[in-house]
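Taking it in order: structure first as structure tokens, then the write-up.
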Amino acid sequence: MRELPILFGAPMVRAIQDGTKTQTRRLVKPQPFAQPEHNDETGEFDVYAGDELSGSMRCPYGQPDDRLWVREAFADLHGTGIEHRQPPDFALQRYAYAADTRPGSASDEARKDYGIRWKPSIHMPRAASRITLEVTGVRVERLQAISEADALAEGIQLLNGWHTFNGGLHQSRTAEESFSALWESLNGAGSWDANPRVWVISFRRVDAAEGGDHG
């Protein structure tokens, strides 16, 4: 079993916490010229040119049973004078997380008053990570092959009759349409229409009793 880092934005962190996000799609780099086939013996994905094996690739986000520790925007409160307590036990916490703080809330204003800024997720150390995921499946497919059920598993929510990924700021009629908007918000205009091959990583959250949470 390996442990690897993975980055998520605040809306997707909340979806993981809510239990609604159990999949993530990440761009395959470099893009293979043919559909890779999973090799059960090696755990790699083989690429063929006709009948000839032209190369193999391994998912950089792990294989089943590997673990992913989530990196998210955070703040280290050590030495700041701020006391931060989190439910359910409200124990004193060293780290605060942007996903827990709504812009304009009292806690967000207090953070600003103390001059504390959120640090980008890429800078989060392992000790600050509070969410650990266990990989349950990996496959490669075209981006637009996503089903409505898989789009919901990506953390798309149904709110007031509309599908959304950001609390209702963006609204779509279907989960697939909402996911396409989410993908473009992260990867740029035209990235959905490009229909690249993506890693599809399925996962479950590992609870503290399994040694999953460090926060």
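Quick note on naming: the chains in the structure tokens go A, B, ... in the order shown, residues restart at 1 in each chain, and ligands are numbered from 1 in order of appearance.
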Please, which residues in region 19-96 of chain A fall within 7 Å of region 194-206 of chain A when counting only C-alpha atoms, and what is the closest atom pair and distance in Å to one decimal for each, ordered by chain then residue number, as CSV?
```
residue,atom,partner,partner_atom,distance
A:Thr22,CA,A:Phe203,CA,5.3
A:Gln23,CA,A:Ser202,CA,4.4
A:Thr24,CA,A:Ile201,CA,5.4
A:Arg25,CA,A:Val200,CA,4.7
A:Arg26,CA,A:Trp199,CA,5.2
A:Leu27,CA,A:Val198,CA,4.5
A:Val28,CA,A:Val198,CA,5.0
A:Gln31,CA,A:Arg197,CA,6.7
```
Output of the above residues as a PDB file, in the first residue's frame, restricted to C-alpha atoms:
```pdb
ATOM      1  CA  THR A  22     -16.631   9.000  -4.437  1.00  0.00           C
ATOM      2  CA  GLN A  23     -14.919   9.573  -7.801  1.00  0.00           C
ATOM      3  CA  THR A  24     -12.460  11.987  -9.327  1.00  0.00           C
ATOM      4  CA  ARG A  25     -11.309  12.410 -12.929  1.00  0.00           C
ATOM      5  CA  ARG A  26      -7.799  13.562 -13.757  1.00  0.00           C
ATOM      6  CA  LEU A  27      -6.212  14.191 -17.140  1.00  0.00           C
ATOM      7  CA  VAL A  28      -4.008  11.403 -18.519  1.00  0.00           C
ATOM      8  CA  GLN A  31      -2.492  11.553 -23.919  1.00  0.00           C
TER       9      GLN A  31
END
```
Next item on the list: Just the residues within 12 Å of Asn160 (chain A), please, counting only C-alpha atoms, with nothing from its chain fewer than 6 positions along; format it as a list in words.
Entry: Gly167, Gly168, Leu169, Gln171, Ser172 and Arg173 of chain A
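Note that the spacing between CA of Ala98 (chain A) and CA of Pro11 (chain A) amounts to 9.9 Å.
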Margin query: Report as a ChimeraX atom specification all protein, DNA and RNA residues lying within 8 Å of Ala96 (chain A), evaluated on only C-alpha atoms, omitting residues in the same chain fewer than 2 positions from it.
Written below: /A:74-77,84,93-94,98,100
Export of prior selection with N, CA, C and O atoms as an mmCIF file, in the first residue's frame:
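The result, written out as out-v1.cif:
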```cif
data_model
loop_
_atom_site.group_PDB
_atom_site.id
_atom_site.type_symbol
_atom_site.label_atom_id
_atom_site.label_comp_id
_atom_site.auth_asym_id
_atom_site.auth_seq_id
_atom_site.Cartn_x
_atom_site.Cartn_y
_atom_site.Cartn_z
ATOM 1 N N PHE A 74 -5.547 25.777 3.532
ATOM 2 C CA PHE A 74 -5.526 25.663 4.991
ATOM 3 C C PHE A 74 -4.774 26.830 5.610
ATOM 4 O O PHE A 74 -4.164 27.648 4.917
ATOM 5 N N ALA A 75 -4.813 26.879 6.938
ATOM 6 C CA ALA A 75 -4.027 27.864 7.695
ATOM 7 C C ALA A 75 -3.472 27.178 8.927
ATOM 8 O O ALA A 75 -4.172 26.389 9.586
ATOM 9 N N ASP A 76 -2.225 27.464 9.226
ATOM 10 C CA ASP A 76 -1.587 26.959 10.447
ATOM 11 C C ASP A 76 -1.769 28.010 11.535
ATOM 12 O O ASP A 76 -1.265 29.127 11.430
ATOM 13 N N LEU A 77 -2.516 27.665 12.585
ATOM 14 C CA LEU A 77 -2.863 28.628 13.628
ATOM 15 C C LEU A 77 -1.866 28.649 14.774
ATOM 16 O O LEU A 77 -2.047 29.405 15.731
ATOM 17 N N HIS A 84 -9.097 27.359 17.680
ATOM 18 C CA HIS A 84 -9.971 26.786 16.653
ATOM 19 C C HIS A 84 -10.419 25.409 17.127
ATOM 20 O O HIS A 84 -9.592 24.541 17.403
ATOM 21 N N GLN A 93 -7.722 22.605 17.729
ATOM 22 C CA GLN A 93 -7.084 22.198 16.485
ATOM 23 C C GLN A 93 -5.984 23.185 16.099
ATOM 24 O O GLN A 93 -6.143 24.388 16.275
ATOM 25 N N ARG A 94 -4.907 22.657 15.549
ATOM 26 C CA ARG A 94 -3.822 23.522 15.094
ATOM 27 C C ARG A 94 -4.139 24.133 13.732
ATOM 28 O O ARG A 94 -3.738 25.263 13.445
ATOM 29 N N ALA A 98 -10.099 26.114 4.641
ATOM 30 C CA ALA A 98 -10.944 27.042 3.895
ATOM 31 C C ALA A 98 -12.308 26.435 3.571
ATOM 32 O O ALA A 98 -13.305 27.143 3.503
ATOM 33 N N ASP A 100 -14.192 24.828 5.373
ATOM 34 C CA ASP A 100 -15.098 24.921 6.521
ATOM 35 C C ASP A 100 -15.577 26.345 6.773
ATOM 36 O O ASP A 100 -16.437 26.562 7.626
#
```
Mind checking which residues fall within 12 Å of region 40-56 of chain A, counting only C-alpha atoms, ignoring those fewer than 5 positions away in the same chain, and posting them as a PDB file with all heavy atoms, in the first residue's frame?
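Ended up saving to part.pdb:
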```
ATOM      1  N   VAL A  28      -5.126  12.307 -18.234  1.00  0.00           N
ATOM      2  CA  VAL A  28      -4.008  11.403 -18.519  1.00  0.00           C
ATOM      3  C   VAL A  28      -2.923  12.196 -19.231  1.00  0.00           C
ATOM      4  O   VAL A  28      -3.185  12.865 -20.240  1.00  0.00           O
ATOM      5  CB  VAL A  28      -4.463  10.216 -19.398  1.00  0.00           C
ATOM      6  CG1 VAL A  28      -3.249   9.365 -19.797  1.00  0.00           C
ATOM      7  CG2 VAL A  28      -5.486   9.363 -18.661  1.00  0.00           C
ATOM      8  N   PRO A  30       1.150  11.858 -20.718  1.00  0.00           N
ATOM      9  CA  PRO A  30       0.631  12.443 -21.960  1.00  0.00           C
ATOM     10  C   PRO A  30      -0.561  11.644 -22.465  1.00  0.00           C
ATOM     11  O   PRO A  30      -0.781  10.511 -22.049  1.00  0.00           O
ATOM     12  CB  PRO A  30       1.827  12.336 -22.907  1.00  0.00           C
ATOM     13  CG  PRO A  30       2.548  11.114 -22.433  1.00  0.00           C
ATOM     14  CD  PRO A  30       2.403  11.116 -20.927  1.00  0.00           C
ATOM     15  N   GLN A  31      -1.320  12.229 -23.377  1.00  0.00           N
ATOM     16  CA  GLN A  31      -2.492  11.553 -23.919  1.00  0.00           C
ATOM     17  C   GLN A  31      -2.062  10.376 -24.803  1.00  0.00           C
ATOM     18  O   GLN A  31      -1.282  10.559 -25.737  1.00  0.00           O
ATOM     19  CB  GLN A  31      -3.338  12.524 -24.735  1.00  0.00           C
ATOM     20  CG  GLN A  31      -4.153  13.493 -23.885  1.00  0.00           C
ATOM     21  CD  GLN A  31      -5.384  12.815 -23.283  1.00  0.00           C
ATOM     22  OE1 GLN A  31      -6.312  12.460 -23.988  1.00  0.00           O
ATOM     23  NE2 GLN A  31      -5.381  12.665 -21.965  1.00  0.00           N
ATOM     24  N   PRO A  32      -2.561   9.159 -24.533  1.00  0.00           N
ATOM     25  CA  PRO A  32      -2.231   8.024 -25.395  1.00  0.00           C
ATOM     26  C   PRO A  32      -2.970   8.121 -26.725  1.00  0.00           C
ATOM     27  O   PRO A  32      -4.046   8.705 -26.807  1.00  0.00           O
ATOM     28  CB  PRO A  32      -2.726   6.822 -24.575  1.00  0.00           C
ATOM     29  CG  PRO A  32      -3.841   7.379 -23.742  1.00  0.00           C
ATOM     30  CD  PRO A  32      -3.442   8.793 -23.419  1.00  0.00           C
ATOM     31  N   PHE A  33      -2.384   7.556 -27.778  1.00  0.00           N
ATOM     32  CA  PHE A  33      -3.005   7.620 -29.102  1.00  0.00           C
ATOM     33  C   PHE A  33      -4.075   6.545 -29.278  1.00  0.00           C
ATOM     34  O   PHE A  33      -4.819   6.546 -30.254  1.00  0.00           O
ATOM     35  CB  PHE A  33      -1.948   7.485 -30.206  1.00  0.00           C
ATOM     36  CG  PHE A  33      -1.119   6.235 -30.103  1.00  0.00           C
ATOM     37  CD1 PHE A  33      -1.574   5.026 -30.623  1.00  0.00           C
ATOM     38  CD2 PHE A  33       0.116   6.271 -29.476  1.00  0.00           C
ATOM     39  CE1 PHE A  33      -0.798   3.883 -30.518  1.00  0.00           C
ATOM     40  CE2 PHE A  33       0.889   5.119 -29.373  1.00  0.00           C
ATOM     41  CZ  PHE A  33       0.430   3.923 -29.893  1.00  0.00           C
ATOM     42  N   ALA A  34      -4.143   5.576 -28.348  1.00  0.00           N
ATOM     43  CA  ALA A  34      -5.166   4.532 -28.399  1.00  0.00           C
ATOM     44  C   ALA A  34      -5.655   4.265 -26.979  1.00  0.00           C
ATOM     45  O   ALA A  34      -4.999   4.635 -25.999  1.00  0.00           O
ATOM     46  CB  ALA A  34      -4.595   3.256 -29.024  1.00  0.00           C
ATOM     47  N   GLN A  35      -6.814   3.628 -26.871  1.00  0.00           N
ATOM     48  CA  GLN A  35      -7.388   3.332 -25.563  1.00  0.00           C
ATOM     49  C   GLN A  35      -6.527   2.317 -24.810  1.00  0.00           C
ATOM     50  O   GLN A  35      -6.312   1.202 -25.283  1.00  0.00           O
ATOM     51  CB  GLN A  35      -8.809   2.777 -25.708  1.00  0.00           C
ATOM     52  CG  GLN A  35      -9.453   2.345 -24.408  1.00  0.00           C
ATOM     53  CD  GLN A  35      -9.683   3.494 -23.429  1.00  0.00           C
ATOM     54  OE1 GLN A  35      -9.829   4.643 -23.810  1.00  0.00           O
ATOM     55  NE2 GLN A  35      -9.714   3.176 -22.152  1.00  0.00           N
ATOM     56  N   GLY A  62      -2.352   6.141  -7.941  1.00  0.00           N
ATOM     57  CA  GLY A  62      -2.386   4.894  -7.210  1.00  0.00           C
ATOM     58  C   GLY A  62      -3.226   3.813  -7.861  1.00  0.00           C
ATOM     59  O   GLY A  62      -3.812   3.990  -8.938  1.00  0.00           O
ATOM     60  N   GLN A  63      -3.257   2.682  -7.182  1.00  0.00           N
ATOM     61  CA  GLN A  63      -4.018   1.517  -7.575  1.00  0.00           C
ATOM     62  C   GLN A  63      -4.943   1.138  -6.420  1.00  0.00           C
ATOM     63  O   GLN A  63      -4.808   1.665  -5.311  1.00  0.00           O
ATOM     64  CB  GLN A  63      -3.081   0.354  -7.901  1.00  0.00           C
ATOM     65  CG  GLN A  63      -2.096   0.633  -9.028  1.00  0.00           C
ATOM     66  CD  GLN A  63      -1.266  -0.576  -9.347  1.00  0.00           C
ATOM     67  OE1 GLN A  63      -1.771  -1.607  -9.786  1.00  0.00           O
ATOM     68  NE2 GLN A  63       0.043  -0.465  -9.123  1.00  0.00           N
ATOM     69  N   PRO A  64      -5.899   0.222  -6.667  1.00  0.00           N
ATOM     70  CA  PRO A  64      -6.769  -0.199  -5.567  1.00  0.00           C
ATOM     71  C   PRO A  64      -5.970  -0.604  -4.327  1.00  0.00           C
ATOM     72  O   PRO A  64      -4.929  -1.259  -4.430  1.00  0.00           O
ATOM     73  CB  PRO A  64      -7.532  -1.378  -6.173  1.00  0.00           C
ATOM     74  CG  PRO A  64      -7.625  -1.031  -7.622  1.00  0.00           C
ATOM     75  CD  PRO A  64      -6.308  -0.383  -7.955  1.00  0.00           C
ATOM     76  N   ASP A  65      -6.456  -0.155  -3.180  1.00  0.00           N
ATOM     77  CA  ASP A  65      -5.871  -0.359  -1.849  1.00  0.00           C
ATOM     78  C   ASP A  65      -4.818   0.681  -1.485  1.00  0.00           C
ATOM     79  O   ASP A  65      -4.427   0.774  -0.311  1.00  0.00           O
ATOM     80  CB  ASP A  65      -5.286  -1.765  -1.664  1.00  0.00           C
ATOM     81  CG  ASP A  65      -6.340  -2.851  -1.814  1.00  0.00           C
ATOM     82  OD1 ASP A  65      -7.501  -2.595  -1.430  1.00  0.00           O
ATOM     83  OD2 ASP A  65      -6.013  -3.934  -2.321  1.00  0.00           O
ATOM     84  N   GLY A 137     -10.872   1.701  -7.182  1.00  0.00           N
ATOM     85  CA  GLY A 137     -10.883   1.331  -8.588  1.00  0.00           C
ATOM     86  C   GLY A 137     -10.229   2.390  -9.445  1.00  0.00           C
ATOM     87  O   GLY A 137     -10.261   3.579  -9.108  1.00  0.00           O
ATOM     88  N   VAL A 138      -9.623   1.969 -10.545  1.00  0.00           N
ATOM     89  CA  VAL A 138      -8.975   2.879 -11.502  1.00  0.00           C
ATOM     90  C   VAL A 138      -9.292   2.393 -12.912  1.00  0.00           C
ATOM     91  O   VAL A 138      -9.184   1.194 -13.205  1.00  0.00           O
ATOM     92  CB  VAL A 138      -7.445   2.922 -11.307  1.00  0.00           C
ATOM     93  CG1 VAL A 138      -6.797   3.813 -12.364  1.00  0.00           C
ATOM     94  CG2 VAL A 138      -7.089   3.412  -9.910  1.00  0.00           C
ATOM     95  N   ARG A 139      -9.676   3.307 -13.779  1.00  0.00           N
ATOM     96  CA  ARG A 139      -9.882   2.973 -15.188  1.00  0.00           C
ATOM     97  C   ARG A 139      -9.556   4.198 -16.038  1.00  0.00           C
ATOM     98  O   ARG A 139      -9.382   5.301 -15.506  1.00  0.00           O
ATOM     99  CB  ARG A 139     -11.308   2.497 -15.452  1.00  0.00           C
ATOM    100  CG  ARG A 139     -12.399   3.548 -15.284  1.00  0.00           C
ATOM    101  CD  ARG A 139     -13.776   2.947 -15.572  1.00  0.00           C
ATOM    102  NE  ARG A 139     -14.841   3.962 -15.620  1.00  0.00           N
ATOM    103  CZ  ARG A 139     -15.571   4.337 -14.586  1.00  0.00           C
ATOM    104  NH1 ARG A 139     -15.351   3.801 -13.385  1.00  0.00           N
ATOM    105  NH2 ARG A 139     -16.527   5.260 -14.749  1.00  0.00           N
ATOM    106  N   VAL A 140      -9.477   4.005 -17.346  1.00  0.00           N
ATOM    107  CA  VAL A 140      -9.252   5.095 -18.295  1.00  0.00           C
ATOM    108  C   VAL A 140     -10.439   5.144 -19.247  1.00  0.00           C
ATOM    109  O   VAL A 140     -10.879   4.107 -19.750  1.00  0.00           O
ATOM    110  CB  VAL A 140      -7.951   4.894 -19.099  1.00  0.00           C
ATOM    111  CG1 VAL A 140      -7.779   6.025 -20.111  1.00  0.00           C
ATOM    112  CG2 VAL A 140      -6.752   4.845 -18.168  1.00  0.00           C
ATOM    113  N   GLU A 141     -10.963   6.334 -19.485  1.00  0.00           N
ATOM    114  CA  GLU A 141     -12.051   6.497 -20.447  1.00  0.00           C
ATOM    115  C   GLU A 141     -12.019   7.920 -20.994  1.00  0.00           C
ATOM    116  O   GLU A 141     -11.313   8.790 -20.472  1.00  0.00           O
ATOM    117  CB  GLU A 141     -13.410   6.210 -19.800  1.00  0.00           C
ATOM    118  CG  GLU A 141     -13.823   7.190 -18.728  1.00  0.00           C
ATOM    119  CD  GLU A 141     -15.148   6.819 -18.067  1.00  0.00           C
ATOM    120  OE1 GLU A 141     -15.488   5.621 -18.039  1.00  0.00           O
ATOM    121  OE2 GLU A 141     -15.839   7.739 -17.558  1.00  0.00           O
ATOM    122  N   TRP A 199      -8.046   9.619 -16.233  1.00  0.00           N
ATOM    123  CA  TRP A 199      -8.061   8.607 -15.182  1.00  0.00           C
ATOM    124  C   TRP A 199      -9.354   8.772 -14.396  1.00  0.00           C
ATOM    125  O   TRP A 199      -9.701   9.889 -14.014  1.00  0.00           O
ATOM    126  CB  TRP A 199      -6.880   8.792 -14.227  1.00  0.00           C
ATOM    127  CG  TRP A 199      -5.524   8.635 -14.821  1.00  0.00           C
ATOM    128  CD1 TRP A 199      -4.610   9.623 -15.053  1.00  0.00           C
ATOM    129  CD2 TRP A 199      -4.911   7.409 -15.246  1.00  0.00           C
ATOM    130  NE1 TRP A 199      -3.476   9.100 -15.597  1.00  0.00           N
ATOM    131  CE2 TRP A 199      -3.624   7.736 -15.729  1.00  0.00           C
ATOM    132  CE3 TRP A 199      -5.328   6.079 -15.267  1.00  0.00           C
ATOM    133  CZ2 TRP A 199      -2.753   6.783 -16.223  1.00  0.00           C
ATOM    134  CZ3 TRP A 199      -4.453   5.108 -15.753  1.00  0.00           C
ATOM    135  CH2 TRP A 199      -3.183   5.462 -16.224  1.00  0.00           C
TER     136      TRP A 199
END
```
Check: Which residues in chain A does DSSP call strand (DSSP E)? List them as a ChimeraX atom specification.
Finding: /A:3-7,23-27,37-38,45-49,52-57,67-71,74-76,84-86,91-93,95-97,132-142,157-159,162-164,197-206
Note to self: At a cut-off of 7 Å, using only C-alpha atoms, what residues contact Glu72 (chain A)? Leave out same-chain residues fewer than 6 positions from it and give the result as a VMD selection string.
What the structure shows: chain A and resid 7 to 9 121 124
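Those residues that approach Phe179 (chain A) to within 10 Å, counting only C-alpha atoms, are Gln144, Ile146, Glu148, Asp150, Ala151, Leu152, Glu154, Gly155, Ile156, Gln157, His163, Thr164, Phe165, Ser172, Ser185 and Trp192 of chain A; same-chain residues fewer than 6 positions away are not listed.
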Export, as a PDB file, in the first residue's frame, the selected residues with N, CA, C and O atoms.
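Contents of the output file result-v2.pdb:
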```
ATOM      1  N   GLN A 144     -16.032  12.593 -21.913  1.00  0.00           N
ATOM      2  CA  GLN A 144     -17.456  12.713 -22.171  1.00  0.00           C
ATOM      3  C   GLN A 144     -18.208  11.384 -22.032  1.00  0.00           C
ATOM      4  O   GLN A 144     -19.433  11.355 -22.198  1.00  0.00           O
ATOM      5  N   ILE A 146     -18.664  10.007 -19.300  1.00  0.00           N
ATOM      6  CA  ILE A 146     -19.218  10.012 -17.951  1.00  0.00           C
ATOM      7  C   ILE A 146     -20.735   9.838 -17.994  1.00  0.00           C
ATOM      8  O   ILE A 146     -21.421  10.428 -18.831  1.00  0.00           O
ATOM      9  N   GLU A 148     -24.615   9.817 -15.984  1.00  0.00           N
ATOM     10  CA  GLU A 148     -25.287  10.682 -15.015  1.00  0.00           C
ATOM     11  C   GLU A 148     -24.971  10.234 -13.591  1.00  0.00           C
ATOM     12  O   GLU A 148     -24.716  11.054 -12.709  1.00  0.00           O
ATOM     13  N   ASP A 150     -22.273   8.612 -12.583  1.00  0.00           N
ATOM     14  CA  ASP A 150     -20.882   8.943 -12.269  1.00  0.00           C
ATOM     15  C   ASP A 150     -20.707  10.436 -12.023  1.00  0.00           C
ATOM     16  O   ASP A 150     -19.872  10.847 -11.205  1.00  0.00           O
ATOM     17  N   ALA A 151     -21.460  11.269 -12.735  1.00  0.00           N
ATOM     18  CA  ALA A 151     -21.385  12.713 -12.503  1.00  0.00           C
ATOM     19  C   ALA A 151     -21.836  13.037 -11.080  1.00  0.00           C
ATOM     20  O   ALA A 151     -21.250  13.892 -10.400  1.00  0.00           O
ATOM     21  N   LEU A 152     -22.861  12.352 -10.599  1.00  0.00           N
ATOM     22  CA  LEU A 152     -23.294  12.535  -9.209  1.00  0.00           C
ATOM     23  C   LEU A 152     -22.213  12.053  -8.247  1.00  0.00           C
ATOM     24  O   LEU A 152     -21.972  12.663  -7.202  1.00  0.00           O
ATOM     25  N   GLU A 154     -19.192  12.297  -8.709  1.00  0.00           N
ATOM     26  CA  GLU A 154     -18.134  13.310  -8.741  1.00  0.00           C
ATOM     27  C   GLU A 154     -18.426  14.451  -7.762  1.00  0.00           C
ATOM     28  O   GLU A 154     -17.649  15.394  -7.654  1.00  0.00           O
ATOM     29  N   GLY A 155     -19.560  14.386  -7.066  1.00  0.00           N
ATOM     30  CA  GLY A 155     -19.890  15.414  -6.087  1.00  0.00           C
ATOM     31  C   GLY A 155     -20.884  16.442  -6.575  1.00  0.00           C
ATOM     32  O   GLY A 155     -21.127  17.443  -5.887  1.00  0.00           O
ATOM     33  N   ILE A 156     -21.465  16.226  -7.763  1.00  0.00           N
ATOM     34  CA  ILE A 156     -22.495  17.137  -8.257  1.00  0.00           C
ATOM     35  C   ILE A 156     -23.745  16.986  -7.381  1.00  0.00           C
ATOM     36  O   ILE A 156     -24.172  15.872  -7.080  1.00  0.00           O
ATOM     37  N   GLN A 157     -24.331  18.112  -6.995  1.00  0.00           N
ATOM     38  CA  GLN A 157     -25.474  18.104  -6.087  1.00  0.00           C
ATOM     39  C   GLN A 157     -26.751  18.531  -6.806  1.00  0.00           C
ATOM     40  O   GLN A 157     -26.704  19.273  -7.791  1.00  0.00           O
ATOM     41  N   HIS A 163     -28.940  21.030 -10.834  1.00  0.00           N
ATOM     42  CA  HIS A 163     -27.659  20.401 -10.495  1.00  0.00           C
ATOM     43  C   HIS A 163     -26.590  21.480 -10.402  1.00  0.00           C
ATOM     44  O   HIS A 163     -26.541  22.397 -11.221  1.00  0.00           O
ATOM     45  N   THR A 164     -25.721  21.346  -9.399  1.00  0.00           N
ATOM     46  CA  THR A 164     -24.709  22.372  -9.143  1.00  0.00           C
ATOM     47  C   THR A 164     -23.475  21.750  -8.507  1.00  0.00           C
ATOM     48  O   THR A 164     -23.546  20.664  -7.911  1.00  0.00           O
ATOM     49  N   PHE A 165     -22.358  22.439  -8.623  1.00  0.00           N
ATOM     50  CA  PHE A 165     -21.122  21.992  -7.980  1.00  0.00           C
ATOM     51  C   PHE A 165     -20.582  23.051  -7.020  1.00  0.00           C
ATOM     52  O   PHE A 165     -19.558  22.836  -6.374  1.00  0.00           O
ATOM     53  N   SER A 172     -27.386  23.679 -13.637  1.00  0.00           N
ATOM     54  CA  SER A 172     -27.548  22.898 -14.870  1.00  0.00           C
ATOM     55  C   SER A 172     -28.723  21.949 -14.714  1.00  0.00           C
ATOM     56  O   SER A 172     -29.091  21.564 -13.602  1.00  0.00           O
ATOM     57  N   SER A 185     -14.176  24.858 -15.433  1.00  0.00           N
ATOM     58  CA  SER A 185     -13.740  25.830 -14.431  1.00  0.00           C
ATOM     59  C   SER A 185     -12.348  25.493 -13.918  1.00  0.00           C
ATOM     60  O   SER A 185     -11.600  26.380 -13.490  1.00  0.00           O
ATOM     61  N   TRP A 192     -13.631  20.616 -22.092  1.00  0.00           N
ATOM     62  CA  TRP A 192     -14.660  19.570 -22.164  1.00  0.00           C
ATOM     63  C   TRP A 192     -14.826  19.094 -23.610  1.00  0.00           C
ATOM     64  O   TRP A 192     -14.852  17.891 -23.884  1.00  0.00           O
TER      65      TRP A 192
END
```
